[in-house]
>>> print(open('work.cif').read())   # mmCIF, all heavy atoms
data_input
loop_
_atom_site.label_atom_id
_atom_site.label_comp_id
_atom_site.auth_asym_id
_atom_site.auth_seq_id
_atom_site.Cartn_x
_atom_site.Cartn_y
_atom_site.Cartn_z
N MET A 1 35.98 19.59 -9.51
CA MET A 1 37.07 20.06 -10.34
C MET A 1 36.48 20.54 -11.66
O MET A 1 35.68 19.85 -12.27
CB MET A 1 38.08 18.92 -10.56
CG MET A 1 39.28 19.33 -11.39
SD MET A 1 40.49 18.01 -11.65
CE MET A 1 41.26 17.92 -10.06
N ASP A 2 36.89 21.69 -12.08
CA ASP A 2 36.36 22.20 -13.34
C ASP A 2 37.14 21.68 -14.53
O ASP A 2 38.17 21.02 -14.39
CB ASP A 2 36.32 23.74 -13.33
CG ASP A 2 37.70 24.36 -13.16
OD1 ASP A 2 38.65 23.61 -12.87
OD2 ASP A 2 37.83 25.59 -13.33
N ILE A 3 36.66 21.96 -15.71
CA ILE A 3 37.24 21.40 -16.94
C ILE A 3 38.66 21.91 -17.17
O ILE A 3 39.55 21.15 -17.58
CB ILE A 3 36.33 21.73 -18.14
CG1 ILE A 3 35.01 20.99 -17.99
CG2 ILE A 3 37.01 21.35 -19.45
CD1 ILE A 3 33.99 21.31 -19.04
N ALA A 4 38.92 23.17 -16.88
CA ALA A 4 40.26 23.73 -17.08
C ALA A 4 41.29 23.04 -16.18
O ALA A 4 42.40 22.70 -16.61
CB ALA A 4 40.25 25.23 -16.83
N ALA A 5 40.95 22.83 -14.92
CA ALA A 5 41.86 22.17 -13.98
C ALA A 5 42.09 20.72 -14.40
O ALA A 5 43.21 20.21 -14.31
CB ALA A 5 41.31 22.25 -12.57
N LEU A 6 41.04 20.05 -14.84
CA LEU A 6 41.16 18.67 -15.29
C LEU A 6 42.06 18.58 -16.52
O LEU A 6 42.92 17.70 -16.62
CB LEU A 6 39.78 18.10 -15.60
CG LEU A 6 39.73 16.65 -16.09
CD1 LEU A 6 40.32 15.72 -15.03
CD2 LEU A 6 38.31 16.26 -16.44
N SER A 7 41.86 19.51 -17.43
CA SER A 7 42.69 19.55 -18.64
C SER A 7 44.16 19.78 -18.29
O SER A 7 45.05 19.13 -18.84
CB SER A 7 42.20 20.66 -19.57
OG SER A 7 43.06 20.79 -20.67
N THR A 8 44.43 20.68 -17.36
CA THR A 8 45.80 20.95 -16.93
C THR A 8 46.42 19.72 -16.28
O THR A 8 47.57 19.37 -16.54
CB THR A 8 45.83 22.14 -15.96
OG1 THR A 8 45.26 23.27 -16.59
CG2 THR A 8 47.25 22.47 -15.53
N SER A 9 45.64 19.05 -15.44
CA SER A 9 46.14 17.84 -14.77
C SER A 9 46.47 16.75 -15.77
O SER A 9 47.52 16.09 -15.67
CB SER A 9 45.11 17.32 -13.77
OG SER A 9 44.93 18.24 -12.73
N LEU A 10 45.58 16.55 -16.73
CA LEU A 10 45.84 15.53 -17.74
C LEU A 10 47.05 15.88 -18.60
O LEU A 10 47.83 15.01 -18.97
CB LEU A 10 44.60 15.34 -18.62
CG LEU A 10 43.40 14.67 -17.94
CD1 LEU A 10 42.20 14.68 -18.87
CD2 LEU A 10 43.75 13.26 -17.52
N SER A 11 47.20 17.15 -18.90
CA SER A 11 48.34 17.59 -19.70
C SER A 11 49.65 17.35 -18.94
O SER A 11 50.65 16.90 -19.52
CB SER A 11 48.19 19.06 -20.05
OG SER A 11 49.31 19.52 -20.75
N GLN A 12 49.65 17.66 -17.65
CA GLN A 12 50.86 17.44 -16.84
C GLN A 12 51.17 15.95 -16.72
O GLN A 12 52.35 15.56 -16.78
CB GLN A 12 50.68 18.05 -15.45
CG GLN A 12 50.70 19.57 -15.45
CD GLN A 12 50.40 20.16 -14.09
OE1 GLN A 12 49.96 19.46 -13.17
NE2 GLN A 12 50.61 21.46 -13.97
N ALA A 13 50.16 15.14 -16.58
CA ALA A 13 50.38 13.69 -16.49
C ALA A 13 50.94 13.17 -17.82
O ALA A 13 51.84 12.33 -17.83
CB ALA A 13 49.08 12.98 -16.15
N SER A 14 50.42 13.68 -18.92
CA SER A 14 50.89 13.27 -20.24
C SER A 14 52.35 13.68 -20.44
O SER A 14 53.15 12.91 -20.97
CB SER A 14 50.01 13.88 -21.32
OG SER A 14 50.49 13.56 -22.60
N LEU A 15 52.68 14.89 -20.01
CA LEU A 15 54.07 15.36 -20.12
C LEU A 15 55.00 14.51 -19.27
O LEU A 15 56.08 14.12 -19.71
CB LEU A 15 54.16 16.82 -19.70
CG LEU A 15 55.56 17.44 -19.70
CD1 LEU A 15 56.14 17.44 -21.11
CD2 LEU A 15 55.53 18.85 -19.13
N GLY A 16 54.58 14.17 -18.06
CA GLY A 16 55.39 13.32 -17.19
C GLY A 16 55.63 11.96 -17.79
O GLY A 16 56.75 11.43 -17.73
N THR A 17 54.61 11.40 -18.41
CA THR A 17 54.75 10.10 -19.07
C THR A 17 55.70 10.20 -20.25
O THR A 17 56.56 9.33 -20.43
CB THR A 17 53.37 9.59 -19.54
OG1 THR A 17 52.52 9.49 -18.41
CG2 THR A 17 53.50 8.25 -20.21
N ALA A 18 55.59 11.26 -21.04
CA ALA A 18 56.47 11.45 -22.19
C ALA A 18 57.92 11.59 -21.75
O ALA A 18 58.83 11.04 -22.38
CB ALA A 18 56.03 12.66 -23.00
N ILE A 19 58.15 12.31 -20.68
CA ILE A 19 59.51 12.49 -20.17
C ILE A 19 60.07 11.16 -19.67
O ILE A 19 61.22 10.82 -19.94
CB ILE A 19 59.54 13.56 -19.06
CG1 ILE A 19 59.29 14.94 -19.67
CG2 ILE A 19 60.87 13.54 -18.31
CD1 ILE A 19 59.10 16.04 -18.66
N SER A 20 59.25 10.40 -18.97
CA SER A 20 59.69 9.09 -18.46
C SER A 20 60.07 8.16 -19.60
O SER A 20 61.10 7.48 -19.55
CB SER A 20 58.60 8.45 -17.62
OG SER A 20 58.35 9.21 -16.47
N ILE A 21 59.25 8.13 -20.64
CA ILE A 21 59.54 7.28 -21.80
C ILE A 21 60.82 7.73 -22.48
O ILE A 21 61.65 6.91 -22.88
CB ILE A 21 58.35 7.28 -22.77
CG1 ILE A 21 57.18 6.53 -22.14
CG2 ILE A 21 58.73 6.65 -24.10
CD1 ILE A 21 55.89 6.64 -22.91
N SER A 22 61.01 9.03 -22.60
CA SER A 22 62.23 9.57 -23.23
C SER A 22 63.47 9.19 -22.42
O SER A 22 64.50 8.80 -23.00
CB SER A 22 62.12 11.08 -23.35
OG SER A 22 63.29 11.63 -23.90
N MET A 23 63.38 9.28 -21.10
CA MET A 23 64.52 8.91 -20.26
C MET A 23 64.83 7.43 -20.35
O MET A 23 66.00 7.02 -20.40
CB MET A 23 64.25 9.30 -18.80
CG MET A 23 64.15 10.79 -18.56
SD MET A 23 65.67 11.67 -18.94
CE MET A 23 66.71 11.08 -17.64
N LEU A 24 63.80 6.58 -20.40
CA LEU A 24 64.01 5.15 -20.55
C LEU A 24 64.66 4.83 -21.90
O LEU A 24 65.53 3.97 -21.99
CB LEU A 24 62.69 4.40 -20.42
CG LEU A 24 62.12 4.30 -19.01
CD1 LEU A 24 60.71 3.73 -19.05
CD2 LEU A 24 63.02 3.47 -18.13
N ASP A 25 64.24 5.55 -22.94
CA ASP A 25 64.81 5.35 -24.27
C ASP A 25 66.29 5.73 -24.28
O ASP A 25 67.12 5.01 -24.84
CB ASP A 25 64.04 6.17 -25.30
CG ASP A 25 64.47 5.87 -26.72
OD1 ASP A 25 64.67 4.68 -27.04
OD2 ASP A 25 64.59 6.83 -27.52
N MET A 26 66.63 6.84 -23.63
CA MET A 26 68.04 7.25 -23.56
C MET A 26 68.86 6.23 -22.78
O MET A 26 69.99 5.91 -23.16
CB MET A 26 68.15 8.63 -22.92
CG MET A 26 67.67 9.75 -23.82
SD MET A 26 67.62 11.42 -23.14
CE MET A 26 68.69 11.42 -21.75
N GLY A 27 68.30 5.71 -21.71
CA GLY A 27 68.99 4.69 -20.92
C GLY A 27 69.20 3.41 -21.71
O GLY A 27 70.26 2.78 -21.63
N GLN A 28 68.21 3.04 -22.50
CA GLN A 28 68.32 1.83 -23.33
C GLN A 28 69.41 2.01 -24.39
O GLN A 28 70.20 1.10 -24.63
CB GLN A 28 66.99 1.52 -23.99
CG GLN A 28 67.02 0.25 -24.82
CD GLN A 28 65.69 -0.02 -25.50
OE1 GLN A 28 64.81 0.83 -25.55
NE2 GLN A 28 65.54 -1.21 -26.02
N GLU A 29 69.46 3.18 -25.00
CA GLU A 29 70.50 3.44 -26.00
C GLU A 29 71.88 3.38 -25.37
O GLU A 29 72.82 2.82 -25.95
CB GLU A 29 70.27 4.80 -26.64
CG GLU A 29 69.06 4.86 -27.55
CD GLU A 29 68.76 6.26 -28.07
OE1 GLU A 29 69.56 7.17 -27.81
OE2 GLU A 29 67.73 6.43 -28.72
N GLN A 30 72.03 3.93 -24.16
CA GLN A 30 73.31 3.91 -23.46
C GLN A 30 73.72 2.47 -23.14
O GLN A 30 74.88 2.10 -23.29
CB GLN A 30 73.24 4.74 -22.18
CG GLN A 30 74.53 4.80 -21.42
CD GLN A 30 75.66 5.48 -22.17
OE1 GLN A 30 75.44 6.35 -23.01
NE2 GLN A 30 76.87 5.09 -21.89
N MET A 31 72.78 1.65 -22.72
CA MET A 31 73.08 0.25 -22.42
C MET A 31 73.48 -0.51 -23.68
O MET A 31 74.36 -1.37 -23.62
CB MET A 31 71.87 -0.42 -21.76
CG MET A 31 71.55 0.12 -20.38
SD MET A 31 72.90 -0.12 -19.22
CE MET A 31 72.62 -1.82 -18.80
N GLN A 32 72.88 -0.20 -24.81
CA GLN A 32 73.26 -0.85 -26.06
C GLN A 32 74.68 -0.47 -26.45
O GLN A 32 75.45 -1.33 -26.90
CB GLN A 32 72.28 -0.47 -27.17
CG GLN A 32 70.94 -1.12 -27.05
CD GLN A 32 69.94 -0.66 -28.10
OE1 GLN A 32 70.18 0.32 -28.80
NE2 GLN A 32 68.83 -1.37 -28.21
N VAL A 33 75.05 0.80 -26.26
CA VAL A 33 76.42 1.23 -26.56
C VAL A 33 77.41 0.51 -25.65
O VAL A 33 78.46 0.04 -26.11
CB VAL A 33 76.54 2.77 -26.42
CG1 VAL A 33 77.99 3.21 -26.45
CG2 VAL A 33 75.74 3.46 -27.52
N GLN A 34 77.08 0.40 -24.36
CA GLN A 34 77.96 -0.28 -23.43
C GLN A 34 78.07 -1.76 -23.77
O GLN A 34 79.17 -2.35 -23.67
CB GLN A 34 77.46 -0.10 -22.01
CG GLN A 34 77.64 1.30 -21.47
CD GLN A 34 77.07 1.46 -20.08
OE1 GLN A 34 76.41 0.57 -19.54
NE2 GLN A 34 77.32 2.61 -19.48
N ALA A 35 76.98 -2.39 -24.17
CA ALA A 35 77.01 -3.79 -24.53
C ALA A 35 77.87 -4.02 -25.77
O ALA A 35 78.64 -4.98 -25.84
CB ALA A 35 75.59 -4.31 -24.78
N GLN A 36 77.77 -3.12 -26.74
CA GLN A 36 78.60 -3.24 -27.93
C GLN A 36 80.07 -3.09 -27.59
O GLN A 36 80.93 -3.80 -28.12
CB GLN A 36 78.19 -2.21 -28.97
CG GLN A 36 76.85 -2.49 -29.61
CD GLN A 36 76.36 -1.35 -30.49
OE1 GLN A 36 76.97 -0.29 -30.56
NE2 GLN A 36 75.25 -1.58 -31.17
N GLY A 37 80.40 -2.18 -26.67
CA GLY A 37 81.77 -2.03 -26.23
C GLY A 37 82.28 -3.26 -25.51
O GLY A 37 83.43 -3.68 -25.71
N LEU A 38 81.44 -3.86 -24.69
CA LEU A 38 81.82 -5.08 -23.98
C LEU A 38 82.05 -6.23 -24.95
O LEU A 38 83.03 -6.98 -24.82
CB LEU A 38 80.73 -5.45 -22.97
CG LEU A 38 80.98 -6.69 -22.12
CD1 LEU A 38 82.24 -6.52 -21.27
CD2 LEU A 38 79.77 -6.95 -21.24
N ILE A 39 81.18 -6.36 -25.94
CA ILE A 39 81.35 -7.40 -26.95
C ILE A 39 82.65 -7.19 -27.71
O ILE A 39 83.40 -8.14 -27.97
CB ILE A 39 80.15 -7.43 -27.91
CG1 ILE A 39 78.92 -7.95 -27.17
CG2 ILE A 39 80.44 -8.28 -29.14
CD1 ILE A 39 77.62 -7.78 -27.94
N LYS A 40 82.95 -5.94 -28.05
CA LYS A 40 84.19 -5.63 -28.77
C LYS A 40 85.41 -6.00 -27.93
O LYS A 40 86.37 -6.59 -28.43
CB LYS A 40 84.22 -4.14 -29.13
CG LYS A 40 85.35 -3.73 -29.99
CD LYS A 40 85.18 -4.25 -31.38
CE LYS A 40 86.21 -3.62 -32.30
NZ LYS A 40 86.13 -4.13 -33.64
N MET A 41 85.38 -5.67 -26.62
CA MET A 41 86.50 -6.02 -25.74
C MET A 41 86.65 -7.53 -25.64
O MET A 41 87.77 -8.04 -25.62
CB MET A 41 86.30 -5.42 -24.35
CG MET A 41 86.53 -3.94 -24.28
SD MET A 41 86.62 -3.27 -22.60
CE MET A 41 85.22 -3.97 -21.79
N MET A 42 85.54 -8.25 -25.57
CA MET A 42 85.61 -9.71 -25.48
C MET A 42 86.18 -10.31 -26.76
O MET A 42 86.96 -11.27 -26.71
CB MET A 42 84.23 -10.28 -25.19
CG MET A 42 83.74 -9.97 -23.80
SD MET A 42 82.04 -10.47 -23.51
CE MET A 42 82.19 -12.24 -23.59
N GLU A 43 85.83 -9.74 -27.90
CA GLU A 43 86.36 -10.24 -29.17
C GLU A 43 87.87 -10.00 -29.26
O GLU A 43 88.61 -10.84 -29.77
CB GLU A 43 85.67 -9.56 -30.34
CG GLU A 43 84.23 -10.00 -30.55
CD GLU A 43 83.51 -9.17 -31.61
OE1 GLU A 43 84.06 -8.14 -32.05
OE2 GLU A 43 82.39 -9.56 -31.98
N LEU A 44 88.33 -8.87 -28.76
CA LEU A 44 89.75 -8.54 -28.82
C LEU A 44 90.57 -9.35 -27.81
O LEU A 44 91.78 -9.52 -28.00
CB LEU A 44 89.96 -7.05 -28.57
CG LEU A 44 89.40 -6.12 -29.66
CD1 LEU A 44 89.56 -4.66 -29.24
CD2 LEU A 44 90.08 -6.36 -30.99
N SER A 45 89.93 -9.83 -26.76
CA SER A 45 90.68 -10.53 -25.72
C SER A 45 90.78 -12.03 -25.96
O SER A 45 91.38 -12.74 -25.16
CB SER A 45 90.03 -10.28 -24.36
OG SER A 45 88.80 -10.93 -24.28
N VAL A 46 90.22 -12.52 -27.03
CA VAL A 46 90.23 -13.96 -27.29
C VAL A 46 91.64 -14.40 -27.66
O VAL A 46 92.24 -13.89 -28.59
CB VAL A 46 89.23 -14.33 -28.40
CG1 VAL A 46 89.37 -15.79 -28.76
CG2 VAL A 46 87.82 -14.01 -27.97
N ASN A 47 92.16 -15.33 -26.88
CA ASN A 47 93.47 -15.91 -27.14
C ASN A 47 93.30 -17.42 -27.02
O ASN A 47 93.07 -17.93 -25.93
CB ASN A 47 94.51 -15.39 -26.14
CG ASN A 47 95.90 -15.87 -26.46
OD1 ASN A 47 96.09 -16.77 -27.28
ND2 ASN A 47 96.88 -15.29 -25.80
N PRO A 48 93.39 -18.15 -28.12
CA PRO A 48 93.11 -19.59 -28.07
C PRO A 48 94.07 -20.38 -27.19
O PRO A 48 93.75 -21.49 -26.77
CB PRO A 48 93.20 -20.03 -29.53
CG PRO A 48 94.01 -18.99 -30.21
CD PRO A 48 93.78 -17.71 -29.44
N ASN A 49 95.25 -19.87 -26.88
CA ASN A 49 96.22 -20.60 -26.08
C ASN A 49 95.98 -20.45 -24.58
O ASN A 49 96.48 -21.24 -23.79
CB ASN A 49 97.64 -20.14 -26.42
CG ASN A 49 97.98 -20.44 -27.87
OD1 ASN A 49 97.58 -21.47 -28.39
ND2 ASN A 49 98.68 -19.54 -28.52
N VAL A 50 95.23 -19.46 -24.17
CA VAL A 50 94.99 -19.23 -22.75
C VAL A 50 93.93 -20.20 -22.26
O VAL A 50 92.86 -20.33 -22.84
CB VAL A 50 94.54 -17.77 -22.52
CG1 VAL A 50 94.14 -17.56 -21.06
CG2 VAL A 50 95.64 -16.81 -22.88
N GLY A 51 94.22 -20.89 -21.20
CA GLY A 51 93.26 -21.78 -20.58
C GLY A 51 93.22 -23.17 -21.20
O GLY A 51 92.40 -23.99 -20.82
N SER A 52 94.12 -23.47 -22.13
CA SER A 52 94.09 -24.80 -22.75
C SER A 52 94.77 -25.84 -21.89
O SER A 52 94.47 -27.02 -22.01
CB SER A 52 94.72 -24.75 -24.14
OG SER A 52 96.08 -24.35 -24.04
N LEU A 53 95.68 -25.43 -21.01
CA LEU A 53 96.38 -26.37 -20.13
C LEU A 53 96.18 -25.92 -18.68
O LEU A 53 96.18 -24.74 -18.38
CB LEU A 53 97.88 -26.39 -20.45
CG LEU A 53 98.25 -26.86 -21.86
CD1 LEU A 53 99.74 -26.70 -22.07
CD2 LEU A 53 97.83 -28.30 -22.07
N LEU A 54 96.07 -26.90 -17.80
CA LEU A 54 95.89 -26.61 -16.38
C LEU A 54 96.80 -27.55 -15.60
O LEU A 54 96.65 -28.76 -15.65
CB LEU A 54 94.43 -26.82 -15.98
CG LEU A 54 94.10 -26.57 -14.52
CD1 LEU A 54 94.37 -25.12 -14.15
CD2 LEU A 54 92.66 -26.94 -14.23
N ASP A 55 97.76 -26.99 -14.90
CA ASP A 55 98.67 -27.77 -14.07
C ASP A 55 98.21 -27.65 -12.61
O ASP A 55 98.06 -26.56 -12.09
CB ASP A 55 100.11 -27.25 -14.18
CG ASP A 55 100.69 -27.48 -15.58
OD1 ASP A 55 100.24 -28.41 -16.26
OD2 ASP A 55 101.56 -26.69 -15.99
N ILE A 56 98.05 -28.80 -11.98
CA ILE A 56 97.60 -28.80 -10.58
C ILE A 56 98.62 -29.58 -9.76
O ILE A 56 99.01 -30.69 -10.11
CB ILE A 56 96.21 -29.48 -10.45
CG1 ILE A 56 95.17 -28.70 -11.23
CG2 ILE A 56 95.81 -29.58 -8.97
CD1 ILE A 56 93.81 -29.34 -11.24
N LYS A 57 99.06 -28.97 -8.65
CA LYS A 57 99.97 -29.65 -7.72
C LYS A 57 99.24 -29.82 -6.40
O LYS A 57 98.58 -28.92 -5.93
CB LYS A 57 101.24 -28.81 -7.50
CG LYS A 57 102.12 -28.73 -8.70
CD LYS A 57 103.38 -27.99 -8.38
CE LYS A 57 104.26 -27.90 -9.62
NZ LYS A 57 105.52 -27.21 -9.34
N VAL A 58 99.38 -31.00 -5.84
CA VAL A 58 98.71 -31.27 -4.55
C VAL A 58 99.70 -31.21 -3.43
O VAL A 58 100.80 -31.58 -3.47
CB VAL A 58 98.03 -32.66 -4.59
CG1 VAL A 58 97.35 -32.95 -3.27
CG2 VAL A 58 97.05 -32.71 -5.74
#
>>> encode(input="work.cif", output="structure tokens")
Amino acid sequence: MDIAALSTSLSQASLGTAISISMLDMGQEQMQVQAQGLIKMMELSVNPNVGSLLDIKV
């Protein structure tokens, strides 16, 4: 393999790695947004009277 082909291969591998890292970063940001939304929904759904009493009939 000559130097030009090796350089091209390394460049393509570097680009592929950069794209993969960028996609993982975007996915992580999306998961953080979803987690914040879930936390917000959980905070809004808190009702201290729900679940305080349990009636059981046999």
>>> select_by_dssp(input="work.cif", residues="chain A", states="alpha helix (DSSP H)", output="ChimeraX atom specification")
/A:3-44
>>> atom_distance(input="work.cif", atom1="CB of Leu10 in chain A", atom2="atom O of Met23 in chain A")
23.0 Å
>>> atom_distance(input="work.cif", atom1="CA of Glu43 in chain A", atom2="CA of Gln28 in chain A")
22.5 Å
>>> atom_distance(input="work.cif", atom1="CA of Asn47 in chain A", atom2="CA of Gln32 in chain A")
25.2 Å
>>> axis_aligned_box(input="work.cif", around="range 30-37 of chain A", padding_each_side="5 Å", output="JSON")
{"center_x": 76.1, "center_y": 0.7, "center_z": -25.0, "size_x": 24.6, "size_y": 21.3, "size_z": 22.4}
